[in-house]
file my_file-v6.cif (mmCIF, C-alpha atoms)
data_input
loop_
_atom_site.group_PDB
_atom_site.id
_atom_site.type_symbol
_atom_site.label_atom_id
_atom_site.label_comp_id
_atom_site.auth_asym_id
_atom_site.auth_seq_id
_atom_site.Cartn_x
_atom_site.Cartn_y
_atom_site.Cartn_z
ATOM 1 C CA SER A 4 -44.367 9.911 -20.057
ATOM 2 C CA GLY A 5 -41.702 11.302 -17.755
ATOM 3 C CA SER A 6 -39.430 8.249 -18.044
ATOM 4 C CA GLY A 7 -36.538 10.302 -19.448
ATOM 5 C CA LYS A 8 -36.625 9.099 -23.060
ATOM 6 C CA SER A 9 -36.547 12.551 -24.673
ATOM 7 C CA THR A 10 -33.860 13.725 -22.238
ATOM 8 C CA LEU A 11 -31.765 10.669 -23.126
ATOM 9 C CA MET A 12 -32.146 11.373 -26.827
ATOM 10 C CA HIS A 13 -31.268 15.057 -26.383
ATOM 11 C CA CYS A 14 -28.072 14.038 -24.562
ATOM 12 C CA MET A 15 -27.222 11.540 -27.301
ATOM 13 C CA ALA A 16 -27.730 14.201 -29.984
ATOM 14 C CA GLY A 17 -25.696 16.847 -28.197
ATOM 15 C CA LEU A 18 -28.693 19.079 -27.511
ATOM 16 C CA ASP A 19 -28.272 18.663 -23.729
ATOM 17 C CA GLN A 20 -25.164 18.043 -21.632
ATOM 18 C CA PRO A 21 -25.267 14.808 -19.588
ATOM 19 C CA THR A 22 -24.432 15.135 -15.876
ATOM 20 C CA SER A 23 -22.543 11.827 -16.035
ATOM 21 C CA GLY A 24 -21.522 9.244 -18.594
ATOM 22 C CA LYS A 25 -20.256 9.738 -22.157
ATOM 23 C CA VAL A 26 -21.875 9.914 -25.594
ATOM 24 C CA PHE A 27 -20.078 8.807 -28.760
ATOM 25 C CA VAL A 28 -21.164 9.236 -32.388
ATOM 26 C CA GLU A 29 -18.873 7.798 -35.082
ATOM 27 C CA GLY A 30 -16.112 7.481 -32.475
ATOM 28 C CA LEU A 31 -16.402 11.172 -31.525
ATOM 29 C CA GLU A 32 -17.157 12.050 -27.909
ATOM 30 C CA VAL A 33 -20.215 14.278 -28.228
ATOM 31 C CA SER A 34 -20.525 14.842 -24.486
ATOM 32 C CA SER A 35 -17.188 16.709 -24.310
ATOM 33 C CA MET A 36 -17.649 18.956 -27.359
ATOM 34 C CA GLY A 37 -17.935 22.729 -27.355
ATOM 35 C CA GLN A 38 -20.768 24.549 -29.122
ATOM 36 C CA LYS A 39 -18.893 25.046 -32.402
ATOM 37 C CA GLN A 40 -17.938 21.378 -32.572
ATOM 38 C CA LEU A 41 -21.512 20.359 -31.756
ATOM 39 C CA THR A 42 -22.875 22.640 -34.468
ATOM 40 C CA ASP A 43 -20.512 21.106 -37.026
ATOM 41 C CA LEU A 44 -21.402 17.594 -35.840
ATOM 42 C CA ARG A 45 -25.148 18.228 -36.120
ATOM 43 C CA ARG A 46 -24.696 19.605 -39.640
ATOM 44 C CA THR A 47 -22.708 16.630 -40.899
ATOM 45 C CA GLN A 48 -23.332 13.529 -38.768
ATOM 46 C CA ILE A 49 -26.740 13.964 -37.138
ATOM 47 C CA GLY A 50 -30.254 14.368 -38.532
ATOM 48 C CA PHE A 51 -33.442 15.235 -36.646
ATOM 49 C CA ILE A 52 -37.120 14.429 -37.082
ATOM 50 C CA PHE A 53 -39.464 16.079 -34.579
ATOM 51 C CA GLN A 54 -43.097 15.470 -33.681
ATOM 52 C CA SER A 55 -43.970 19.046 -34.694
ATOM 53 C CA PHE A 56 -42.266 18.696 -38.130
ATOM 54 C CA ASN A 57 -40.327 22.009 -37.665
ATOM 55 C CA LEU A 58 -40.763 23.080 -41.282
ATOM 56 C CA VAL A 59 -40.323 26.690 -42.419
ATOM 57 C CA PRO A 60 -43.870 27.801 -43.394
ATOM 58 C CA THR A 61 -42.761 30.263 -46.094
ATOM 59 C CA LEU A 62 -40.686 27.673 -47.961
ATOM 60 C CA CYS A 63 -41.991 24.981 -50.300
ATOM 61 C CA ALA A 64 -41.310 21.288 -49.685
ATOM 62 C CA GLU A 65 -38.195 21.203 -51.882
ATOM 63 C CA GLU A 66 -36.741 24.298 -50.202
ATOM 64 C CA ASN A 67 -37.391 22.816 -46.746
ATOM 65 C CA ILE A 68 -35.667 19.559 -47.711
ATOM 66 C CA LEU A 69 -32.572 21.337 -49.036
ATOM 67 C CA LEU A 70 -32.371 24.085 -46.389
ATOM 68 C CA PRO A 71 -29.872 22.383 -44.012
ATOM 69 C CA LEU A 72 -27.470 21.701 -46.890
ATOM 70 C CA GLN A 73 -27.734 25.299 -48.067
ATOM 71 C CA ILE A 74 -27.108 26.640 -44.554
ATOM 72 C CA ALA A 75 -24.040 24.397 -44.277
ATOM 73 C CA LYS A 76 -22.987 25.494 -47.797
ATOM 74 C CA LYS A 77 -22.706 21.877 -48.862
ATOM 75 C CA PRO A 78 -23.139 20.723 -52.467
ATOM 76 C CA ILE A 79 -26.523 19.265 -53.361
ATOM 77 C CA ASP A 80 -26.513 15.777 -54.863
ATOM 78 C CA ARG A 81 -29.494 16.014 -57.221
ATOM 79 C CA ASP A 82 -29.535 12.276 -57.933
ATOM 80 C CA TRP A 83 -29.748 11.535 -54.199
ATOM 81 C CA PHE A 84 -32.431 14.240 -53.832
ATOM 82 C CA LYS A 85 -34.567 12.601 -56.536
ATOM 83 C CA GLN A 86 -34.104 9.191 -54.922
ATOM 84 C CA VAL A 87 -35.106 10.416 -51.447
ATOM 85 C CA VAL A 88 -38.098 12.345 -52.796
ATOM 86 C CA LYS A 89 -39.263 9.265 -54.715
ATOM 87 C CA VAL A 90 -38.945 7.034 -51.654
ATOM 88 C CA VAL A 91 -41.056 9.405 -49.525
ATOM 89 C CA GLY A 92 -43.571 9.852 -52.367
ATOM 90 C CA LEU A 93 -43.363 13.632 -52.664
ATOM 91 C CA GLU A 94 -42.562 14.025 -56.375
ATOM 92 C CA LYS A 95 -45.803 15.900 -57.043
ATOM 93 C CA ARG A 96 -45.764 18.001 -53.869
ATOM 94 C CA LEU A 97 -42.347 19.668 -54.006
ATOM 95 C CA THR A 98 -43.716 23.124 -54.852
ATOM 96 C CA HIS A 99 -46.285 23.073 -52.034
ATOM 97 C CA ARG A 100 -45.790 24.926 -48.764
ATOM 98 C CA PRO A 101 -46.382 23.134 -45.419
ATOM 99 C CA SER A 102 -49.874 24.644 -45.070
ATOM 100 C CA GLN A 103 -50.821 22.941 -48.352
ATOM 101 C CA LEU A 104 -49.671 19.523 -47.168
ATOM 102 C CA SER A 105 -51.288 16.956 -44.885
ATOM 103 C CA GLY A 106 -49.666 16.073 -41.571
ATOM 104 C CA GLY A 107 -48.265 12.872 -43.029
ATOM 105 C CA GLN A 108 -46.834 14.718 -46.029
ATOM 106 C CA GLN A 109 -45.237 17.336 -43.782
ATOM 107 C CA GLN A 110 -43.577 14.612 -41.737
ATOM 108 C CA ARG A 111 -42.316 12.961 -44.918
ATOM 109 C CA VAL A 112 -40.752 16.303 -45.880
ATOM 110 C CA ALA A 113 -39.058 16.304 -42.476
ATOM 111 C CA CYS A 114 -37.838 12.734 -43.061
ATOM 112 C CA ALA A 115 -36.443 13.646 -46.480
ATOM 113 C CA ARG A 116 -34.731 16.718 -44.984
ATOM 114 C CA ALA A 117 -33.055 14.531 -42.361
ATOM 115 C CA MET A 118 -31.920 12.014 -44.993
ATOM 116 C CA MET A 119 -30.469 14.504 -47.488
ATOM 117 C CA ALA A 120 -27.138 15.043 -45.708
ATOM 118 C CA ARG A 121 -26.715 11.261 -45.258
ATOM 119 C CA PRO A 122 -26.010 11.639 -41.525
ATOM 120 C CA SER A 123 -24.499 8.847 -39.440
ATOM 121 C CA VAL A 124 -27.586 8.763 -37.232
ATOM 122 C CA ILE A 125 -31.073 10.281 -37.309
ATOM 123 C CA PHE A 126 -32.838 11.050 -34.029
ATOM 124 C CA ALA A 127 -36.629 10.920 -34.295
ATOM 125 C CA ASP A 128 -38.572 12.334 -31.330
ATOM 126 C CA GLU A 129 -42.169 11.012 -31.412
ATOM 127 C CA PRO A 130 -42.188 11.278 -35.251
ATOM 128 C CA THR A 131 -45.743 9.922 -35.523
ATOM 129 C CA GLY A 132 -47.197 11.711 -32.492
ATOM 130 C CA ASN A 133 -49.274 14.164 -34.568
ATOM 131 C CA LEU A 134 -50.272 11.743 -37.319
ATOM 132 C CA ASP A 135 -53.296 9.562 -37.989
ATOM 133 C CA SER A 136 -52.816 5.788 -38.219
ATOM 134 C CA ARG A 137 -52.420 5.704 -42.013
ATOM 135 C CA SER A 138 -49.857 8.512 -42.086
ATOM 136 C CA SER A 139 -48.038 6.900 -39.165
ATOM 137 C CA ARG A 140 -47.682 3.641 -41.084
ATOM 138 C CA GLU A 141 -46.375 5.508 -44.135
ATOM 139 C CA VAL A 142 -43.734 7.407 -42.135
ATOM 140 C CA LEU A 143 -42.667 4.340 -40.123
ATOM 141 C CA GLY A 144 -42.470 2.296 -43.309
ATOM 142 C CA PHE A 145 -40.165 4.907 -44.832
ATOM 143 C CA LEU A 146 -37.943 4.971 -41.743
ATOM 144 C CA LYS A 147 -37.723 1.162 -41.806
ATOM 145 C CA GLN A 148 -36.887 1.238 -45.507
ATOM 146 C CA SER A 149 -34.154 3.822 -44.970
ATOM 147 C CA VAL A 150 -32.538 1.442 -42.476
ATOM 148 C CA THR A 151 -32.783 -1.736 -44.560
ATOM 149 C CA GLU A 152 -32.014 -0.230 -47.991
ATOM 150 C CA TYR A 153 -29.707 2.697 -47.222
ATOM 151 C CA GLY A 154 -27.977 1.527 -44.039
ATOM 152 C CA GLN A 155 -29.278 4.488 -42.051
ATOM 153 C CA SER A 156 -29.153 4.369 -38.243
ATOM 154 C CA ILE A 157 -32.260 5.756 -36.552
ATOM 155 C CA VAL A 158 -32.896 6.306 -32.849
ATOM 156 C CA MET A 159 -36.612 6.831 -32.258
ATOM 157 C CA VAL A 160 -38.332 7.957 -29.078
ATOM 158 C CA THR A 161 -41.941 6.811 -28.845
ATOM 159 C CA HIS A 162 -44.571 5.749 -26.328
ATOM 160 C CA ASP A 163 -46.536 3.983 -29.102
ATOM 161 C CA PRO A 164 -46.107 0.172 -29.040
ATOM 162 C CA ARG A 165 -47.037 -0.030 -32.738
ATOM 163 C CA ALA A 166 -44.282 2.423 -33.698
ATOM 164 C CA ALA A 167 -41.789 0.601 -31.458
ATOM 165 C CA SER A 168 -42.532 -2.684 -33.218
ATOM 166 C CA TYR A 169 -40.858 -1.309 -36.383
ATOM 167 C CA ALA A 170 -37.498 -1.147 -34.580
ATOM 168 C CA ASP A 171 -34.729 -3.760 -34.590
ATOM 169 C CA ARG A 172 -33.990 -3.075 -30.923
ATOM 170 C CA VAL A 173 -36.301 -1.662 -28.261
ATOM 171 C CA LEU A 174 -35.196 -0.241 -24.917
ATOM 172 C CA VAL A 175 -37.990 0.322 -22.404
ATOM 173 C CA LEU A 176 -37.428 3.162 -19.926
ATOM 174 C CA ALA A 177 -39.130 3.751 -16.593
ATOM 175 C CA ASP A 178 -38.113 6.462 -14.118
ATOM 176 C CA GLY A 179 -34.843 7.048 -15.962
ATOM 177 C CA HIS A 180 -33.786 3.384 -15.957
ATOM 178 C CA ILE A 181 -33.745 0.737 -18.685
ATOM 179 C CA THR A 182 -36.178 -1.981 -17.665
ATOM 180 C CA GLN A 183 -36.216 -4.062 -20.864
ATOM 181 C CA ASP A 184 -33.846 -4.591 -23.806
ATOM 182 C CA LEU A 185 -35.695 -6.362 -26.626
ATOM 183 C CA ASP A 186 -34.278 -7.719 -29.904
ATOM 184 C CA ARG A 187 -36.658 -7.384 -32.884
ATOM 185 C CA PRO A 188 -39.798 -7.695 -30.747
ATOM 186 C CA THR A 189 -43.254 -8.159 -32.229
ATOM 187 C CA TYR A 190 -46.108 -5.772 -31.512
ATOM 188 C CA GLU A 191 -47.675 -8.378 -29.227
ATOM 189 C CA GLN A 192 -44.447 -8.795 -27.241
ATOM 190 C CA ILE A 193 -44.174 -5.048 -26.715
ATOM 191 C CA LEU A 194 -47.806 -4.862 -25.586
ATOM 192 C CA GLU A 195 -47.092 -7.626 -23.077
ATOM 193 C CA VAL A 196 -44.100 -5.696 -21.698
ATOM 194 C CA PHE A 197 -46.197 -2.551 -21.349
ATOM 195 C CA ALA A 198 -48.946 -4.509 -19.622
ATOM 196 C CA ASP A 199 -46.456 -6.036 -17.169
ATOM 197 C CA ASP A 200 -44.930 -2.608 -16.418
ATOM 198 C CA GLY A 201 -48.396 -1.229 -15.850
ATOM 199 C CA ALA A 202 -49.204 -4.041 -13.430
ATOM 200 C CA ASP A 203 -45.944 -3.435 -11.531
ATOM 201 C CA GLU A 204 -46.736 0.273 -11.275
ATOM 202 C CA ALA A 205 -50.227 -0.498 -10.008
ATOM 203 C CA GLY A 206 -48.679 -2.741 -7.367
ATOM 204 C CA LYS A 207 -46.398 0.062 -6.226
ATOM 205 C CA VAL A 208 -49.356 2.420 -5.939
ATOM 206 C CA ALA A 209 -51.314 -0.181 -3.962
ATOM 207 C CA GLN A 210 -48.400 -0.675 -1.575
ATOM 208 C CA ALA A 211 -48.038 3.071 -1.130
#
call {"tool": "encode", "arguments": {"input": "my_file-v6.cif", "output": "structure tokens"}}
result
Amino acid sequence: SGSGKSTLMHCMAGLDQPTSGKVFVEGLEVSSMGQKQLTDLRRTQIGFIFQSFNLVPTLCAEENILLPLQIAKKPIDRDWFKQVVKVVGLEKRLTHRPSQLSGGQQQRVACARAMMARPSVIFADEPTGNLDSRSSREVLGFLKQSVTEYGQSIVMVTHDPRAASYADRVLVLADGHITQDLDRPTYEQILEVFADDGADEAGKVAQA
């Protein structure tokens, strides 16, 4: 907590303006864009999955999934919709509103919504933070599948070593700096890194 991971992601997604450095998505410099350009970019190239789901409570699951496309006045590919819904396992829950869905199901709606526009990159901010262990595995499994089967790029912010172990690349942040850059680490390797960082922090406190 407080390492700067959410701030970094918000800068990468064009939600915040970086004070230095540059951000590029699909060769486009996000960090120099105006609000209209950023809005267009977020509608076409960027998807979001938040910890709090951010679903519209008065809309059913299908309406929530299709809402961004309708706002952008983009055509709806029904074949792709059926494929995404099948992958997230929501075929029988499309007419249900968020209040009628479990936390894991709500997050799967959010995942499907992010996938529908086929964005270049999806930013996921603590996507399993409000989920139990079973729902977390289901959501992380879907995100992994979307990468391996559909070529989707996903940037996930998490403080959960188990969630991080699903990633192909893991960057560890501390006090706004990258302290580790890991390639396809196992859960055990990530735990070891966290343990070492914790020991270093304890040493700093002891010295202080």
call {"tool": "resolve_selection", "arguments": {"input": "my_file-v6.cif", "expression": "the PyMOL selection byres ((chain A and resi 148-156) around 7)", "output": "PyMOL selection string"}}
result
chain A and resi 123-125+144-147+157-158
call {"tool": "resolve_selection", "arguments": {"input": "my_file-v6.cif", "expression": "the PyMOL selection byres ((chain A and resi 89-101) around 12)", "output": "ChimeraX atom specification"}}
result
/A:55-69,82-88,102-119,138,141-149,152-153
call {"tool": "closest_residue", "arguments": {"input": "my_file-v6.cif", "among": "A:Met36, A:Leu134, A:Ala166, A:Leu176", "to": "A:Thr189", "atoms": "all atoms listed in the file"}}
result
A:Ala166
call {"tool": "residues_near_point", "arguments": {"input": "my_file-v6.cif", "point": "(-47.1, 2.3, -35.0)", "cutoff": "9 Å", "atoms": "all atoms listed in the file", "output": "PyMOL selection string"}}
result
chain A and resi 131+136+139-140+143+163-169+190
call {"tool": "closest_residue", "arguments": {"input": "my_file-v6.cif", "among": "A:Ile52, A:Leu11, A:Val33, A:Ala198", "to": "A:Pro130", "atoms": "all atoms listed in the file"}}
result
A:Ile52
call {"tool": "resolve_selection", "arguments": {"input": "my_file-v6.cif", "expression": "the PyMOL selection byres ((chain A and resi 179) around 10)", "output": "list of chain:residue names"}}
result
A:Gly5, A:Ser6, A:Gly7, A:Lys8, A:Thr10, A:Leu11, A:Val175, A:Leu176, A:Ala177, A:Asp178, A:His180, A:Ile181, A:Thr182
call {"tool": "atom_distance", "arguments": {"input": "my_file-v6.cif", "atom1": "atom CA of A:Arg45", "atom2": "atom CA of A:Met159"}}
result
16.6 Å
call {"tool": "closest_residue", "arguments": {"input": "my_file-v6.cif", "among": "A:Ala127, A:Thr42, A:Glu29, A:Gly37", "to": "A:Gln54", "atoms": "only C-alpha atoms"}}
result
A:Ala127
call {"tool": "closest_residue", "arguments": {"input": "my_file-v6.cif", "among": "A:Glu129, A:Ser23, A:Gly17, A:Pro122", "to": "A:Lys39", "atoms": "only C-alpha atoms"}}
result
A:Gly17
call {"tool": "atom_distance", "arguments": {"input": "my_file-v6.cif", "atom1": "atom CA of A:Arg46", "atom2": "atom CA of A:Ala75"}}
result
6.7 Å
call {"tool": "atom_distance", "arguments": {"input": "my_file-v6.cif", "atom1": "atom CA of A:Phe27", "atom2": "atom CA of A:Pro71"}}
result
22.6 Å
call {"tool": "closest_residue", "arguments": {"input": "my_file-v6.cif", "among": "A:Glu191, A:Asp186, A:Asp19, A:His162", "to": "A:Gln38", "atoms": "only C-alpha atoms"}}
result
A:Asp19
call {"tool": "closest_residue", "arguments": {"input": "my_file-v6.cif", "among": "A:Gly132, A:Pro78, A:Gly50, A:Gly30", "to": "A:Ala16", "atoms": "all atoms listed in the file"}}
result
A:Gly50
call {"tool": "residues_around", "arguments": {"input": "my_file-v6.cif", "residues": "A:Leu185", "least_positions_apart": "5", "cutoff": "8 Å", "atoms": "all atoms listed in the file", "output": "list in words"}}
result
Arg172, Val173 and Leu174 of chain A
